[in-house]
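Read through the structure below, which is laid out as structure tokens, and then see the notes.
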Amino acid sequence: MIEIKNLHKSYQMGKNSLHVLKGINFSVEEGELVAIMGSSGSGKSTLLNILGMLDELDEGSYTLDGVPIKNLNETKAAQYRNKFLGFIFQSFNLINYKTAAENVALPLYYQRVGRKERQEKALKYLEQVGLKEWATHLPSELSGGQKQRVAIARAMAAEPKVLLADEPTGALDSKTSYEVMDLIQKINDEGNTILLVTHEEDIAHMCKRIVHLKDGVIVEDKKVDQVRAEQYV
Amino acid sequence: MFSRDSWKEIFETIQKNKLRTFLSGFTVALGILIFVVLYGFGNGLINTFSEFFEDDATNTFFVFPGRTSKPFKGYKSNRQIEFDNSDLADIEESFPLFLEYISPRVDRSGLVKYKNESNNYTTRGVSEAYQFAEKTIIMKGRYLNKQDIKEKAKYAVIGRLVEKDLFKNEDALGKYIDITGSVFKVIGVFQDDAGDDEERRIYIPYTTRQLIEKNTDKINQIVIGFKPEIGYAGAMAFERKLGDFIREKKFIDPNDQRGFFIRNVADQLKQNQQFAGVLQIIVGFVAFGTIIAGIIGISNIMVFVVKERTKEIGIRKALGATPKSVISTILLESVFITTVSGIVGMVLGVAMLSSLGDSLKDYFITNPFINMGTAIFATVVLIFFGGLAGYIPARRAARIKPIVALRDE
């Protein structure tokens, strides 16, 4: 599903160039649930941003579902993002003046799905995350956990190839974190490919594979026995 | 870009961001409103100016006697200059090329009586030509004629309001009125566009007035109409030559400005038209400034709107919004708001002007108006620049990398 070869990325910080990713080789199969771990500054968010086409790579190659991702203009990148990827952010990033259902329907709007179908799908995915009754509520009326579930429903709504989650539990307490992880695991059970950046060990162990990043290189890449979040909920 | 869906998206955004919508709409509406009203006021001022002159003929000089301020040829200073009948004849004879008509003007006011009604009016002794100078309109009967002047007839032409005051509902024609002790027959009733004061006057032959006043040949003022075809330059030349002529005849020092005065209506008209033109330019400048201020206002709001929505734009881009769709959403929103509020402001302004009508006449503003072409042009300009003001920050926002936009708090 994802194939990365010899990926390099550096940032220009004034006169100094900061080499963040120093040759990453990495691939993900369909249906995997991968945790990318590392301390801050290890380059894990940069890697995720490049995977999400939110940032460009300097060197190397990136293939997503057989499509080479390079030299994309903004329009093409937007279309690929819409088609291939669903994003889950630490700070949820819901549009605050839109209701839960409207937020979930937004990626479908950019897929040019008809209004009626958008609404139906939005409700369907809200139901999956257990928030159907909250469909007409604004984000400000929802708790943190509920907001993240709406964001997950939104990421799912476009039916992407890969879900990218950047510290999805970073802004949540442990109980809510486990609820969200439970949801992510269930989505993965249905065969969806998910990449998740975290620095929390317990969250990482709820995935099926852990990739450790340190100073811009992968230091460890291991399969783990998944801890089900269900038992903590 | 113009699908029903994208409009729905825009309406939703507008509805859910009422303050923002109101602010930008208000700026535009106010800008256009002020523009329309100011411009209309400018036109109202010009209307007032032209009205001042419309009721009188503009090819006219008024010559008033004065007192000399310099001794000349044995005459002492401070001598009262007087005009008499011979001056009329001499002027007429000397300027056949310029002169169209000439009339004296001898004003007296006094009690005028008809039966039990009486009132004070100004009675003006004139010749038959005076009708042209005042553009007097005869409602019934006739004006004075040459014969009346020659025969020193005791005829009077009275103003519409004199008839109304003294005769009530009676017809004044053919009736006799008592003007300060002498009886005159009413031969005509007139009206005048200049208003009530002019319509409370009575015209009689100046010769009759002179007869009553011990058969004098003195006259107060001379009113001269020049041929319109001599034009403005000709009028100025005539004024100069006439001045020289009178100075010579009355032995007034060539440098004495006070022996007599000539009021040149054509010159005054020209000056006033220039003044009105300058006013129009000033008003136009202020109105233009208002539009500029409106454009700057809407630009500021658009910059603020885009800044405020940077994160939202980032989210939308992460979800698959293309730069084009980001720009078109913001642009359509701003153009929609400016169009609607621009039209509202324009309609309000035009309605305000037309409801004002003559109510500001005391402030020299008569019938303020703006032609629709100008109003629509200004609105379109504001809409265009409102759109441009939205486009520039929108384009910049659409170029921001989503990762940068998402970081924006």
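Residue numbering restarts at 1 for every chain of the structure tokens, chains are lettered A, B, ... in their displayed order, and ligands are numbered from 1 as they appear.
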Please report as a list of chain:residue names which residues of chain B come no farther than 9 Å from chain A, using only C-alpha atoms.
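Listed by rising number, the hits are B:Asp5, B:Ser6, B:Glu12, B:Thr13, B:Lys16, B:Asn17, B:Lys311, B:Glu312, B:Ile315, B:Arg316, B:Lys317, B:Ala318, B:Leu319, B:Gly320, B:Ala321, B:Thr322, B:Pro323, B:Lys324, B:Ser325, B:Ala398, B:Arg399, B:Lys401, B:Pro402, B:Ile403, B:Val404, B:Leu406.
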Dump as CSV the rows for residues of range 95-205 of chain A within 9 Å of range 209-231 of chain A: closest atom pair and distance in Å with one decimal, only C-alpha atoms counted, ordered by chain and rising residue number.
residue,atom,partner,partner_atom,distance
A:Tyr178,CA,A:Ala229,CA,5.5
A:Glu179,CA,A:Ala229,CA,7.1
A:Val180,CA,A:Ala229,CA,8.7
A:Met181,CA,A:Ala229,CA,6.1
A:Asp182,CA,A:Ala229,CA,4.9
A:Leu183,CA,A:Ala229,CA,8.7
A:Gln185,CA,A:Arg228,CA,7.7
A:Asp202,CA,A:Val227,CA,8.4
A:Ile203,CA,A:Ala229,CA,8.7
A:Ala204,CA,A:Ile210,CA,6.6
A:His205,CA,A:Val227,CA,6.0
Just checking: using only C-alpha atoms, which residue out of B:Val112, B:Ala405, B:Leu348, B:Val63 ends up closest to Val223 in chain B?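 The shortest atom-to-atom distance to Val223 in chain B comes from B:Val63.
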Note to self: For the structure I just gave you, how does DSSP split range 12-134 of chain A - specifically, which residues are alpha helix (DSSP H)? Reply as a PyMOL selection string.
What the structure shows: chain A and resi 44-51+74-84+100-110+115-128
Env of range 251-263 of chain B: 7 Å cut, atoms = only C-alpha atoms, seq-sep filter 2 positions within chain, self excluded. Answer as a ChimeraX atom specification. /B:61-70,72-73,81,247-249,265
Filtering to C-alpha atoms, could you give me those residues as an mmCIF file, in the first residue's frame?
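Writing the result to result-v1.cif gives the following:
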data_model
loop_
_atom_site.group_PDB
_atom_site.id
_atom_site.type_symbol
_atom_site.label_atom_id
_atom_site.label_comp_id
_atom_site.auth_asym_id
_atom_site.auth_seq_id
_atom_site.Cartn_x
_atom_site.Cartn_y
_atom_site.Cartn_z
ATOM 1 C CA PHE B 61 -26.839 94.907 -17.313
ATOM 2 C CA PHE B 62 -28.195 96.860 -14.393
ATOM 3 C CA VAL B 63 -26.737 100.352 -14.103
ATOM 4 C CA PHE B 64 -27.014 101.992 -10.657
ATOM 5 C CA PRO B 65 -26.038 105.565 -9.845
ATOM 6 C CA GLY B 66 -23.590 106.203 -7.005
ATOM 7 C CA ARG B 67 -21.554 109.010 -5.482
ATOM 8 C CA THR B 68 -18.216 110.045 -6.946
ATOM 9 C CA SER B 69 -15.151 109.482 -4.824
ATOM 10 C CA LYS B 70 -12.786 111.711 -6.779
ATOM 11 C CA PHE B 72 -12.901 115.694 -11.716
ATOM 12 C CA LYS B 73 -12.981 118.590 -14.174
ATOM 13 C CA ILE B 81 -24.805 110.980 -9.937
ATOM 14 C CA ARG B 247 -18.080 108.434 -17.177
ATOM 15 C CA GLU B 248 -17.529 110.837 -20.001
ATOM 16 C CA LYS B 249 -21.093 112.071 -20.082
ATOM 17 C CA VAL B 265 -25.694 89.338 -15.100
#
Give me, please, the distance in Å between CA of Tyr62 in chain A and CA of Cys207 in chain A, quoted to one decimal.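 Separating CA of Tyr62 in chain A from CA of Cys207 in chain A is a distance of 22.9 Å.
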Worksheet item: Using only C-alpha atoms, which residues sit within 8 Å of range 369-376 of chain B once same-chain residues fewer than 5 positions away are excluded, as number ranges by chain?
Response: B: 36, 39-41, 43-44, 346, 350, 353-354
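Using only C-alpha atoms, the nearest neighbour of Ser127 in chain B within the list B:Glu93, B:Lys185, B:Ile224, B:Met139 is B:Ile224.
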message = Show me, as a count of residues only, the residues that have an atom within 7 Å of Leu21 in chain A when counting only C-alpha atoms, minus same-chain residues fewer than 4 positions from it.
response = 7
